[in-house]
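Student: Below is the file target-v4.tsv, which contains TSV, C-alpha atoms.
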```
chain	number	residue	atom	x	y	z
W	1	MET	CA	153.72	165.49	-58.66
W	2	LYS	CA	152.52	167.59	-61.55
W	3	GLU	CA	150.80	165.72	-64.35
W	4	SER	CA	151.21	165.44	-68.10
W	5	ILE	CA	148.30	166.07	-70.42
W	6	TYR	CA	147.93	164.21	-73.71
W	7	ILE	CA	145.63	165.72	-76.32
W	8	PHE	CA	144.49	163.40	-79.11
W	9	SER	CA	141.33	165.20	-80.17
W	10	ASN	CA	141.21	168.04	-82.64
W	11	GLY	CA	140.15	171.41	-81.35
W	12	ARG	CA	141.20	174.64	-79.82
W	13	LEU	CA	143.29	175.30	-76.74
W	14	LYS	CA	142.23	178.47	-74.97
W	15	ARG	CA	143.09	180.52	-71.97
W	16	LYS	CA	139.97	180.97	-69.91
W	17	ASP	CA	139.44	182.23	-66.35
W	18	ASN	CA	143.18	182.01	-65.72
W	19	SER	CA	143.11	178.35	-66.55
W	20	LEU	CA	143.26	176.31	-69.72
W	21	LEU	CA	140.25	175.16	-71.67
W	22	PHE	CA	140.24	172.68	-74.49
W	23	GLU	CA	137.32	172.92	-76.92
W	24	THR	CA	136.98	169.80	-79.01
W	25	GLU	CA	135.61	169.84	-82.55
W	26	ASN	CA	132.24	168.58	-81.42
W	27	GLY	CA	131.86	171.38	-78.91
W	28	ASP	CA	132.94	169.59	-75.75
W	29	ASN	CA	134.58	171.85	-73.21
W	30	LYS	CA	137.30	170.40	-71.06
W	31	PHE	CA	139.01	172.38	-68.38
W	32	ILE	CA	142.62	171.54	-67.63
W	33	PRO	CA	143.78	172.39	-64.10
W	34	VAL	CA	146.67	174.60	-65.12
W	35	GLU	CA	148.46	174.66	-61.77
W	36	ASN	CA	148.73	170.92	-61.78
W	37	ILE	CA	150.36	170.25	-65.14
W	38	LYS	CA	153.93	170.48	-66.28
W	39	GLU	CA	153.70	169.55	-69.93
W	40	ILE	CA	151.24	169.05	-72.74
W	41	PHE	CA	151.65	166.49	-75.52
W	42	ALA	CA	149.66	167.42	-78.59
W	43	PHE	CA	148.85	164.67	-81.09
W	44	GLY	CA	145.69	166.14	-82.53
W	45	GLU	CA	145.21	169.14	-84.75
W	46	ILE	CA	145.13	172.00	-82.32
W	47	ASP	CA	144.60	175.70	-82.73
W	48	LEU	CA	146.08	178.06	-80.23
W	49	ASN	CA	147.01	181.70	-79.98
W	50	VAL	CA	149.73	183.86	-78.48
W	51	LYS	CA	147.60	184.42	-75.42
W	52	VAL	CA	147.90	180.72	-74.63
W	53	LEU	CA	151.63	180.68	-75.34
W	54	ASN	CA	152.13	183.61	-72.99
W	55	PHE	CA	150.13	181.83	-70.37
W	56	LEU	CA	152.11	178.61	-70.82
W	57	THR	CA	155.34	180.57	-70.42
W	58	GLN	CA	154.01	182.19	-67.27
W	59	LYS	CA	153.08	178.80	-65.82
W	60	GLU	CA	156.30	177.18	-67.09
W	61	ILE	CA	154.53	174.51	-69.09
W	62	ILE	CA	156.26	172.88	-72.04
W	63	PHE	CA	154.16	172.15	-75.08
W	64	HIS	CA	155.37	169.22	-77.20
W	65	TYR	CA	153.72	168.71	-80.55
W	66	PHE	CA	153.68	165.73	-82.86
W	67	ASN	CA	152.68	165.55	-86.50
W	68	TYR	CA	149.91	163.54	-88.10
W	69	TYR	CA	151.98	160.35	-88.07
W	70	GLY	CA	152.88	160.73	-84.42
W	71	TYR	CA	156.46	161.83	-85.08
W	72	TYR	CA	157.86	164.43	-82.77
W	73	SER	CA	157.95	167.76	-84.56
W	74	GLY	CA	158.91	170.24	-81.88
W	75	SER	CA	158.38	171.83	-78.52
W	76	PHE	CA	157.35	175.19	-77.28
W	77	TYR	CA	160.16	175.67	-74.79
W	78	PRO	CA	159.27	178.65	-72.63
W	79	ARG	CA	161.86	181.24	-71.64
W	80	GLU	CA	164.39	179.72	-69.26
W	81	HIS	CA	163.25	180.26	-65.72
W	82	TYR	CA	166.37	178.91	-64.08
W	83	ASN	CA	168.91	181.20	-65.62
W	84	SER	CA	172.42	180.48	-64.59
W	85	GLY	CA	175.35	181.85	-66.51
W	86	TYR	CA	177.63	179.89	-64.24
W	87	MET	CA	176.06	176.58	-65.24
W	88	ILE	CA	176.19	177.38	-68.94
W	89	LEU	CA	179.86	178.25	-68.65
W	90	LYS	CA	180.58	175.05	-66.78
W	91	GLN	CA	178.64	173.05	-69.33
W	92	THR	CA	180.46	174.58	-72.28
W	93	GLU	CA	183.77	174.18	-70.52
W	94	ALA	CA	183.10	170.49	-70.10
W	95	TYR	CA	182.10	170.21	-73.75
W	96	LEU	CA	185.24	171.93	-74.98
W	97	ASP	CA	187.54	170.00	-72.68
W	98	GLN	CA	188.16	166.85	-74.76
W	99	LYS	CA	188.90	164.71	-71.73
W	100	ASN	CA	185.87	165.73	-69.78
W	101	ARG	CA	183.50	165.49	-72.72
W	102	PHE	CA	184.84	162.08	-73.50
W	103	TYR	CA	184.41	160.93	-69.91
W	104	LEU	CA	180.75	161.93	-69.92
W	105	ALA	CA	180.06	160.50	-73.36
W	106	LYS	CA	181.58	157.22	-72.29
W	107	LYS	CA	179.53	157.17	-69.11
W	108	PHE	CA	176.31	157.66	-71.06
W	109	ILE	CA	177.13	154.75	-73.33
W	110	GLU	CA	178.24	152.62	-70.43
W	111	GLY	CA	175.01	153.38	-68.58
W	112	ALA	CA	172.90	152.57	-71.61
W	113	ALA	CA	174.77	149.33	-72.29
W	114	LYS	CA	174.60	148.18	-68.68
W	115	ASN	CA	170.88	148.85	-68.54
W	116	CYS	CA	170.42	146.89	-71.75
W	117	LEU	CA	172.36	144.06	-70.14
W	118	LYS	CA	170.13	144.12	-67.06
W	119	ILE	CA	167.11	143.64	-69.27
W	120	LEU	CA	168.69	140.84	-71.28
W	121	LYS	CA	169.75	139.09	-68.07
W	122	TYR	CA	166.23	139.41	-66.73
W	123	TYR	CA	164.82	137.64	-69.77
W	124	ASP	CA	167.70	135.18	-69.72
W	125	ARG	CA	166.58	134.11	-66.26
W	126	ARG	CA	163.11	133.59	-67.71
W	127	GLU	CA	164.35	130.91	-70.02
W	128	LYS	CA	164.97	133.00	-73.09
W	129	ASP	CA	168.35	131.92	-74.28
W	130	LEU	CA	170.39	135.11	-74.55
W	131	ASN	CA	173.65	134.01	-73.02
W	132	LYS	CA	175.71	134.50	-76.16
W	133	GLN	CA	174.54	138.05	-76.75
W	134	ILE	CA	175.07	139.00	-73.10
W	135	LYS	CA	178.67	137.81	-73.31
W	136	GLU	CA	179.23	139.80	-76.50
W	137	ILE	CA	177.89	143.01	-75.02
W	138	GLU	CA	179.88	142.56	-71.83
W	139	GLN	CA	182.96	142.12	-73.97
W	140	LEU	CA	182.23	145.36	-75.86
W	141	VAL	CA	181.62	147.29	-72.63
W	142	THR	CA	185.06	146.37	-71.32
W	143	GLN	CA	186.55	147.50	-74.63
W	144	LEU	CA	185.11	150.98	-74.16
W	145	SER	CA	187.99	152.11	-71.98
W	146	ASN	CA	190.52	151.46	-74.77
W	147	TYR	CA	189.21	154.20	-76.99
W	148	GLU	CA	189.97	157.88	-76.97
W	149	GLU	CA	187.62	159.37	-79.51
W	150	ILE	CA	183.93	160.06	-79.65
W	151	ASN	CA	183.56	158.49	-83.10
W	152	GLN	CA	185.17	155.28	-81.93
W	153	ILE	CA	182.91	154.87	-78.92
W	154	MET	CA	179.91	155.78	-81.04
W	155	ALA	CA	180.88	152.83	-83.25
W	156	ILE	CA	181.04	150.56	-80.19
W	157	GLU	CA	177.65	151.87	-79.13
W	158	GLY	CA	176.30	150.99	-82.55
W	159	GLN	CA	177.57	147.45	-82.21
W	160	ILE	CA	176.09	147.08	-78.73
W	161	LYS	CA	172.75	148.38	-79.94
W	162	SER	CA	172.62	146.03	-82.90
W	163	ILE	CA	173.35	143.01	-80.68
W	164	TYR	CA	170.78	144.25	-78.20
W	165	TYR	CA	168.15	144.69	-80.90
W	166	SER	CA	168.91	141.25	-82.28
W	167	CYS	CA	167.65	139.85	-78.96
W	168	PHE	CA	164.23	141.41	-79.40
W	169	ASP	CA	162.88	138.53	-81.47
W	170	THR	CA	163.82	136.04	-78.78
W	171	ILE	CA	162.28	138.14	-76.01
W	172	ILE	CA	159.06	138.91	-77.82
W	173	ASN	CA	158.56	135.71	-79.81
W	174	ASN	CA	155.48	136.97	-81.59
W	175	ASP	CA	155.00	136.62	-85.34
W	176	ASP	CA	153.20	139.95	-85.61
W	177	PHE	CA	156.19	141.73	-84.18
W	178	VAL	CA	159.39	140.61	-85.86
W	179	PHE	CA	162.37	142.88	-85.52
W	180	ASP	CA	164.26	142.24	-88.76
W	181	GLU	CA	166.43	145.36	-88.65
W	182	ARG	CA	166.23	148.81	-87.14
W	183	THR	CA	164.50	151.10	-89.61
W	184	LYS	CA	163.68	154.72	-88.97
W	185	ARG	CA	161.99	157.62	-90.69
W	186	PRO	CA	159.70	155.89	-91.46
W	187	PRO	CA	159.81	152.59	-89.58
W	188	LYS	CA	159.22	149.64	-91.87
W	189	ASN	CA	157.52	147.25	-89.47
W	190	HIS	CA	155.36	147.20	-86.36
W	191	LEU	CA	158.08	146.75	-83.80
W	192	ASN	CA	160.22	149.49	-85.30
W	193	ALA	CA	157.25	151.82	-85.23
W	194	LEU	CA	156.81	151.15	-81.53
W	195	ILE	CA	160.49	151.66	-80.78
W	196	SER	CA	160.58	154.93	-82.70
W	197	PHE	CA	157.49	156.22	-80.97
W	198	SER	CA	158.74	155.26	-77.55
W	199	ASN	CA	162.18	156.77	-78.11
W	200	SER	CA	160.79	160.06	-79.33
W	201	LEU	CA	158.65	160.26	-76.20
W	202	ILE	CA	161.56	159.57	-73.91
W	203	TYR	CA	163.49	162.36	-75.61
W	204	THR	CA	160.68	164.75	-74.82
W	205	TYR	CA	160.33	163.59	-71.22
W	206	CYS	CA	164.04	164.22	-70.78
W	207	LEU	CA	163.67	167.64	-72.36
W	208	SER	CA	160.87	168.50	-69.94
W	209	GLU	CA	163.04	167.48	-67.02
W	210	ILE	CA	166.01	169.49	-68.32
W	211	TYR	CA	163.75	172.52	-68.35
W	212	LYS	CA	163.37	172.13	-64.60
W	213	THR	CA	167.11	172.32	-64.02
W	214	HIS	CA	169.82	174.86	-64.77
W	215	LEU	CA	171.24	172.80	-67.61
W	216	ASP	CA	171.05	173.92	-71.20
W	217	PRO	CA	169.50	171.30	-73.49
W	218	ARG	CA	171.47	172.58	-76.48
W	219	ILE	CA	174.83	171.39	-75.18
W	220	GLY	CA	175.13	167.63	-75.27
W	221	PHE	CA	178.22	165.54	-74.72
W	222	LEU	CA	177.76	162.29	-76.56
W	223	HIS	CA	175.66	163.76	-79.31
W	224	THR	CA	177.46	166.58	-81.04
W	225	THR	CA	176.12	170.03	-80.43
W	226	ASN	CA	174.98	171.61	-83.66
W	227	PHE	CA	172.95	174.51	-84.95
W	228	ARG	CA	169.65	172.76	-85.13
W	229	ARG	CA	168.45	170.80	-82.22
W	230	PHE	CA	168.58	169.96	-78.57
W	231	SER	CA	171.12	167.30	-77.81
W	232	LEU	CA	171.51	166.95	-74.05
W	233	ASN	CA	168.13	165.25	-73.82
W	234	LEU	CA	169.31	162.67	-76.35
W	235	ASP	CA	172.31	161.89	-74.15
W	236	ILE	CA	170.27	161.42	-71.02
W	237	ALA	CA	167.62	159.44	-72.88
W	238	GLU	CA	170.23	156.81	-73.81
W	239	ILE	CA	170.22	155.62	-70.22
W	240	PHE	CA	166.46	155.50	-69.92
W	241	LYS	CA	165.44	154.15	-73.32
W	242	PRO	CA	165.94	150.51	-72.30
W	243	ILE	CA	164.60	150.69	-68.76
W	244	ILE	CA	161.54	152.81	-69.46
W	245	GLY	CA	160.69	152.46	-73.14
W	246	ASP	CA	161.81	148.98	-74.14
W	247	ARG	CA	160.45	147.35	-71.00
W	248	THR	CA	157.06	148.91	-71.65
W	249	ILE	CA	157.17	147.64	-75.23
W	250	PHE	CA	158.03	144.08	-74.15
W	251	SER	CA	155.35	143.90	-71.50
W	252	MET	CA	152.71	145.35	-73.79
W	253	ILE	CA	153.43	142.94	-76.60
W	254	ASN	CA	153.90	139.90	-74.40
W	255	LYS	CA	150.62	140.57	-72.61
W	256	ASN	CA	148.87	141.17	-75.93
W	257	VAL	CA	147.79	144.64	-74.90
W	258	ILE	CA	148.99	146.02	-78.19
W	259	THR	CA	148.34	144.03	-81.36
W	260	TYR	CA	148.86	144.56	-85.07
W	261	LYS	CA	145.42	146.17	-85.18
W	262	ASP	CA	146.86	149.19	-83.39
W	263	PHE	CA	148.97	150.11	-86.39
W	264	GLU	CA	148.28	151.48	-89.80
W	265	GLN	CA	150.11	151.37	-93.08
W	266	GLN	CA	151.22	154.72	-94.39
W	267	ILE	CA	152.74	155.54	-97.75
W	268	ASN	CA	156.09	153.91	-97.12
W	269	GLY	CA	156.09	152.80	-93.54
W	270	ILE	CA	154.06	151.70	-90.58
W	271	VAL	CA	152.91	153.94	-87.75
W	272	LEU	CA	150.74	153.55	-84.69
W	273	ASN	CA	147.15	154.65	-85.06
W	274	ASP	CA	145.34	156.85	-82.57
W	275	LYS	CA	144.13	153.96	-80.45
W	276	GLY	CA	147.57	152.38	-80.37
W	277	ARG	CA	149.23	155.62	-79.41
W	278	LYS	CA	146.78	156.11	-76.59
W	279	LYS	CA	147.30	152.61	-75.27
W	280	PHE	CA	151.04	152.97	-75.38
W	281	LEU	CA	151.01	156.35	-73.68
W	282	GLU	CA	148.81	155.07	-70.89
W	283	ALA	CA	151.22	152.23	-70.28
W	284	LEU	CA	154.21	154.54	-70.44
W	285	GLU	CA	152.60	156.99	-68.04
W	286	ASP	CA	152.01	154.13	-65.59
W	287	ARG	CA	155.61	153.10	-65.91
W	288	LEU	CA	156.85	156.63	-65.26
W	289	LYS	CA	154.76	156.87	-62.13
W	290	GLN	CA	155.88	153.49	-60.85
W	291	THR	CA	158.33	153.81	-57.98
W	292	ILE	CA	161.44	151.86	-57.13
W	293	LYS	CA	163.66	151.85	-54.10
W	294	HIS	CA	166.69	153.97	-54.90
W	295	SER	CA	169.80	152.48	-53.38
W	296	LYS	CA	171.55	155.80	-52.82
W	297	ILE	CA	168.65	158.01	-51.79
W	298	LYS	CA	167.18	155.18	-49.71
W	299	ASN	CA	163.69	156.17	-50.63
W	300	ASN	CA	161.08	155.38	-53.21
W	301	VAL	CA	161.42	157.39	-56.37
W	302	SER	CA	159.41	157.24	-59.57
W	303	TYR	CA	161.03	156.55	-62.93
W	304	ARG	CA	160.16	160.06	-63.94
W	305	ARG	CA	162.03	161.37	-60.94
W	306	LEU	CA	165.05	159.25	-61.83
W	307	ILE	CA	165.52	161.32	-64.97
W	308	ARG	CA	165.71	164.50	-62.89
W	309	ILE	CA	168.11	162.90	-60.41
W	310	GLU	CA	170.32	161.98	-63.35
W	311	LEU	CA	170.42	165.63	-64.37
W	312	TYR	CA	171.29	166.76	-60.85
W	313	LYS	CA	174.15	164.27	-60.87
W	314	LEU	CA	175.33	165.78	-64.14
W	315	GLU	CA	175.14	169.28	-62.64
W	316	LYS	CA	177.24	168.11	-59.72
W	317	HIS	CA	179.80	166.68	-62.09
W	318	LEU	CA	179.98	169.90	-64.06
W	319	MET	CA	180.53	171.88	-60.87
W	320	ASP	CA	183.37	169.51	-59.93
W	321	GLU	CA	181.58	168.28	-56.83
W	322	GLU	CA	181.08	164.64	-57.60
W	323	LYS	CA	182.10	162.48	-60.56
W	324	TYR	CA	179.15	161.49	-62.70
W	325	GLU	CA	178.15	157.84	-62.62
W	326	PRO	CA	175.15	156.75	-64.70
W	327	PHE	CA	172.08	155.20	-63.17
W	328	ILE	CA	171.95	151.44	-63.54
W	329	MET	CA	168.94	149.38	-62.61
W	330	ASP	CA	169.71	147.19	-59.64
W	331	TRP	CA	167.60	144.12	-59.87
K	1	MET	CA	148.34	164.29	-51.88
K	2	PHE	CA	144.79	163.70	-53.06
K	3	ILE	CA	142.01	165.99	-51.91
K	4	ILE	CA	138.27	166.33	-52.14
K	5	LEU	CA	136.98	169.84	-51.81
K	6	TYR	CA	133.50	171.24	-51.64
K	7	TYR	CA	132.12	174.63	-50.92
K	8	ASP	CA	128.90	176.31	-49.97
K	9	VAL	CA	128.81	180.03	-50.73
K	10	THR	CA	126.22	182.62	-51.60
K	11	GLU	CA	125.09	182.56	-55.19
K	12	LYS	CA	127.08	185.60	-56.27
K	13	LYS	CA	130.38	184.04	-55.27
K	14	CYS	CA	129.72	180.65	-56.85
K	15	SER	CA	131.31	181.35	-60.20
K	16	LYS	CA	134.37	182.89	-58.58
K	17	MET	CA	134.86	179.77	-56.48
K	18	LEU	CA	134.36	177.56	-59.52
K	19	LYS	CA	136.96	179.42	-61.56
K	20	THR	CA	139.52	179.36	-58.80
K	21	CYS	CA	139.11	175.66	-58.06
K	22	ARG	CA	139.25	174.79	-61.73
K	23	LYS	CA	142.83	175.99	-61.89
K	24	TYR	CA	143.98	173.38	-59.43
K	25	LEU	CA	141.50	170.52	-59.36
K	26	GLN	CA	139.14	168.50	-61.44
K	27	TRP	CA	135.49	169.35	-61.39
K	28	VAL	CA	133.24	166.50	-60.23
K	29	GLN	CA	129.84	167.98	-59.48
K	30	ASN	CA	128.43	171.39	-58.73
K	31	SER	CA	130.66	172.81	-55.99
K	32	VAL	CA	132.61	169.56	-55.64
K	33	PHE	CA	136.19	169.11	-56.83
K	34	GLU	CA	138.83	166.47	-56.44
K	35	GLY	CA	142.35	165.82	-57.58
K	36	GLU	CA	146.01	165.33	-56.96
K	37	ILE	CA	147.65	168.46	-55.53
K	38	SER	CA	150.96	169.42	-53.99
K	39	GLU	CA	151.30	170.81	-50.47
K	40	ALA	CA	152.38	174.20	-51.84
K	41	ASN	CA	149.57	174.41	-54.36
K	42	LEU	CA	147.04	173.55	-51.68
K	43	GLU	CA	148.27	176.51	-49.65
K	44	LYS	CA	147.98	178.74	-52.71
K	45	LEU	CA	144.48	177.47	-53.37
K	46	LYS	CA	143.43	177.98	-49.75
K	47	TYR	CA	144.78	181.51	-49.85
K	48	GLU	CA	142.89	182.32	-53.04
K	49	LEU	CA	139.67	180.82	-51.73
K	50	GLY	CA	140.11	182.65	-48.43
K	51	LYS	CA	140.01	185.94	-50.29
K	52	ILE	CA	136.64	185.10	-51.82
K	53	LEU	CA	135.02	183.67	-48.70
K	54	ASP	CA	133.02	185.78	-46.35
K	55	GLU	CA	132.14	184.30	-42.96
K	56	GLU	CA	129.36	186.81	-42.42
K	57	ASP	CA	127.51	185.33	-45.38
K	58	GLY	CA	127.86	181.86	-43.87
K	59	ASP	CA	130.30	180.65	-46.55
K	60	SER	CA	132.35	177.54	-46.00
K	61	VAL	CA	134.80	175.27	-47.77
K	62	ILE	CA	135.54	171.75	-46.64
K	63	ILE	CA	138.64	169.85	-47.70
K	64	TYR	CA	139.34	166.16	-47.19
K	65	LYS	CA	142.98	165.21	-47.45
K	66	PHE	CA	144.33	161.79	-48.35
K	67	ARG	CA	147.99	160.93	-48.47
K	68	THR	CA	147.40	158.80	-51.52
K	69	LYS	CA	144.42	157.65	-53.51
K	70	LYS	CA	145.40	154.08	-52.77
K	71	TYR	CA	143.13	153.41	-49.82
K	72	THR	CA	140.08	155.17	-51.17
K	73	GLU	CA	137.30	153.62	-53.13
K	74	ARG	CA	135.20	155.75	-55.39
K	75	GLN	CA	131.68	154.62	-56.05
K	76	VAL	CA	129.31	156.38	-58.37
K	77	LEU	CA	125.56	155.98	-58.64
K	78	GLY	CA	124.02	157.44	-61.76
K	79	ILE	CA	126.19	159.49	-64.07
K	80	ASP	CA	129.85	160.12	-63.33
K	81	LYS	CA	130.40	163.67	-64.50
K	82	LYS	CA	134.11	163.64	-63.79
K	83	GLU	CA	136.16	163.10	-66.92
K	84	ASP	CA	139.63	161.82	-67.39
K	85	THR	CA	141.52	164.99	-68.23
K	86	ASN	CA	144.95	163.45	-68.70
K	87	PHE	CA	144.01	161.96	-72.03
K	88	ILE	CA	141.83	164.29	-74.01
```
In structure tokens, what does this structure look like?
Tutor:
Amino acid sequence: MKESIYIFSNGRLKRKDNSLLFETENGDNKFIPVENIKEIFAFGEIDLNVKVLNFLTQKEIIFHYFNYYGYYSGSFYPREHYNSGYMILKQTEAYLDQKNRFYLAKKFIEGAAKNCLKILKYYDRREKDLNKQIKEIEQLVTQLSNYEEINQIMAIEGQIKSIYYSCFDTIINNDDFVFDERTKRPPKNHLNALISFSNSLIYTYCLSEIYKTHLDPRIGFLHTTNFRRFSLNLDIAEIFKPIIGDRTIFSMINKNVITYKDFEQQINGIVLNDKGRKKFLEALEDRLKQTIKHSKIKNNVSYRRLIRIELYKLEKHLMDEEKYEPFIMDW
Amino acid sequence: MFIILYYDVTEKKCSKMLKTCRKYLQWVQNSVFEGEISEANLEKLKYELGKILDEEDGDSVIIYKFRTKKYTERQVLGIDKKEDTNFI
């Protein structure tokens, strides 16, 4: 399994001896084994030149960069190495075909909602009283099939999400981390800052995985394709946000690994500081490497791998081989 | 797969070996490397090292393979020069 590299220090990324070298501000040299990495996350202030970009393209490494506040600002997405006109055609065809696009969009929401439910049920078994909310979400999921338009199911999704988020206070039960309401850009409290950070990371992990398949990240199904940004990774991330991101958040807060000291107040919002980011990433990395028994493959697969499997399932659907069914945690 | 690799080559070839290994593995000590590697990359590495090696000079490379790092225990006396490269 190729690794991810996270750079927090400031410095310069260089190509040296056909490998990568990171020179930190204080003159430390750190070699990065280039053949063994698939993506770089840059949180620090980093200089690099075209020579490095060329090299990254050659080695098919994606470079995700984040701004000073830890918000995702963009990715260096190297030239497609799995070029497939056939797949792009199939993908566009599915997008343009109202029925097919709607089917996929609905499946993404269904997958996300069912995974949220799994988590709520898990905490319900641990004596957090969430019965009412579980019933409400289940009710909304069954309603999904009555609707015929993307906007309508997006509205249902919004309702499901707001019920789901309202459970956070019960699950966490920590005065430092009250949920209040979902606030973004910038998040207004500690918990929202964590959720935003975790979601933006899951988007990038999905993007990295899409790069390894024939799919085109620009054509999404639930999220409307537009002129600006990638959208397929947002679709896929819906399914994994609860099972990868939110679970990591809960366990970190409940075990007091992350505390209010790991945050800092910015002009009009709250963001994680360097130490907090590092802690969270380490936990997330552990989670992604953790393996579970996959009921269909009958083998142990890591959470990271699950994302890729999801994309292969989507490819199969687009090629009319097998109907897409979203991944749902089975415990 | 997790491997530990060390080499003993004539002085002139040392830097070549170092540079090649650095692409795939993490440096631990002079002429010692370790790290997670895929089956395919190990073959690539062995091929590249094979081109540098010269038996007539008495060069050798030794590789220890482990299926996972799980059943290994790493003990260090003195300074551990290996750094965590995942989080820089």
Student: Show me the residues around (191.8, 154.5, -70.8) - criterion: an atom at most 12 Å away, only C-alpha atoms counted - as a list in words.
Tutor: Lys99, Phe102, Tyr103, Lys106, Thr142, Gln143, Leu144, Ser145, Asn146, Tyr147, Glu148 and Glu149 of chain W
Student: Dump C-alpha atoms for the selected residues as a PDB file, in the frame of the given file?
Tutor:
```pdb
ATOM      1  CA  LYS W  99     188.900 164.710 -71.730  1.00  0.00           C
ATOM      2  CA  PHE W 102     184.840 162.080 -73.500  1.00  0.00           C
ATOM      3  CA  TYR W 103     184.410 160.930 -69.910  1.00  0.00           C
ATOM      4  CA  LYS W 106     181.580 157.220 -72.290  1.00  0.00           C
ATOM      5  CA  THR W 142     185.060 146.370 -71.320  1.00  0.00           C
ATOM      6  CA  GLN W 143     186.550 147.500 -74.630  1.00  0.00           C
ATOM      7  CA  LEU W 144     185.110 150.980 -74.160  1.00  0.00           C
ATOM      8  CA  SER W 145     187.990 152.110 -71.980  1.00  0.00           C
ATOM      9  CA  ASN W 146     190.520 151.460 -74.770  1.00  0.00           C
ATOM     10  CA  TYR W 147     189.210 154.200 -76.990  1.00  0.00           C
ATOM     11  CA  GLU W 148     189.970 157.880 -76.970  1.00  0.00           C
ATOM     12  CA  GLU W 149     187.620 159.370 -79.510  1.00  0.00           C
TER      13      GLU W 149
END
```
Student: May I have the residues within 8 Å of K:Ile3 as a ChimeraX atom specification, using only C-alpha atoms and disregarding those fewer than 5 positions away in the same chain?
Tutor: /K:34-37,63-66
Student: With a distance threshold of 8 Å and counting only C-alpha atoms, extract the residues of chain K near chain W and express them as a ChimeraX atom specification.
Tutor: /K:19,22-26,36-38,41,85-88
Student: Mind pulling up the distance from atom CA of W:Met329 to atom CA of W:Pro187?
Tutor: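 Interatomic distance, atom CA of W:Pro187 to atom CA of W:Met329: 28.7 Å.
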Student: Please measure the separation of atom CA of W:Asp97 and atom CA of W:Ile109, giving the value in Å to one decimal.
Tutor: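 According to the coordinates, atom CA of W:Asp97 and atom CA of W:Ile109 are separated by 18.5 Å.
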Student: Provide the atom CA of W:Tyr303 to atom CA of W:Pro217 distance in Å, to one decimal place.
Tutor: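 Atom-to-atom, atom CA of W:Tyr303 and atom CA of W:Pro217 are spaced 20.0 Å apart.
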Student: Between W:Arg247, W:Arg304, W:Arg185, W:Arg15, which one has atoms that come closest to W:Glu285, using all atoms listed in the file?
Tutor: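 Answer, going by the shortest atom-to-atom distance: W:Arg304.
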Student: Would you pick out the contacts of stretch 319-324 of chain W at 9 Å or less, using all atoms listed in the file, so that residues sharing its chain but fewer than 2 positions from it are not included, and give the list as a short mmCIF file (atom, residue, chain, number, x, y, z; two decimals) with C-alpha atoms, in the frame of the given file?
Tutor:
```cif
data_model
loop_
_atom_site.label_atom_id
_atom_site.label_comp_id
_atom_site.auth_asym_id
_atom_site.auth_seq_id
_atom_site.Cartn_x
_atom_site.Cartn_y
_atom_site.Cartn_z
CA MET W 87 176.06 176.58 -65.24
CA LYS W 90 180.58 175.05 -66.78
CA GLN W 91 178.64 173.05 -69.33
CA TYR W 103 184.41 160.93 -69.91
CA LEU W 104 180.75 161.93 -69.92
CA LYS W 107 179.53 157.17 -69.11
CA GLU W 310 170.32 161.98 -63.35
CA LYS W 313 174.15 164.27 -60.87
CA LEU W 314 175.33 165.78 -64.14
CA GLU W 315 175.14 169.28 -62.64
CA LYS W 316 177.24 168.11 -59.72
CA HIS W 317 179.80 166.68 -62.09
CA PRO W 326 175.15 156.75 -64.70
#
```
Student: I want to know what sits within 9 Å of stretch 28-32 of chain K, based on only C-alpha atoms, with residues of the same chain fewer than 3 positions away left out; could you give that as a list of chain:residue names?
Tutor: K:Ile4, K:Leu5, K:Tyr6, K:Tyr7, K:Asp8, K:Cys14, K:Met17, K:Leu18, K:Asp80, K:Lys81, K:Lys82, K:Glu83
Student: Would you list the contacts of W:Gly111 as a PDB file with C-alpha atoms, in the coordinates of the input, taking every protein, DNA or RNA residue within 8 Å and counting only C-alpha atoms, but skipping same-chain residues closer than 6 positions in sequence?
Tutor:
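The resulting file, out-v5.pdb, is reproduced below:
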```
ATOM      1  CA  GLU W 238     170.230 156.810 -73.810  1.00  0.00           C
ATOM      2  CA  ILE W 239     170.220 155.620 -70.220  1.00  0.00           C
ATOM      3  CA  PRO W 326     175.150 156.750 -64.700  1.00  0.00           C
ATOM      4  CA  PHE W 327     172.080 155.200 -63.170  1.00  0.00           C
ATOM      5  CA  ILE W 328     171.950 151.440 -63.540  1.00  0.00           C
TER       6      ILE W 328
END
```
Student: Using all atoms listed in the file, determine which residues lie at most 12 Å from stretch 204-206 of chain W, disregarding the query and same-chain residues fewer than 2 positions distant; provide the list as a ChimeraX atom specification.
Tutor: /W:3-4,38-42,62-66,71-77,197-202,208-213,215-217,230-241,244-245,284-285,288,303-311
Student: Please, which residues are within 12 Å of (170.0, 141.7, -80.5) by the file's coordinates, counting all atoms listed in the file, and could they come as a VMD selection string?
Tutor: chain W and resid 116 to 117 119 to 120 129 to 137 158 to 172 178 to 182
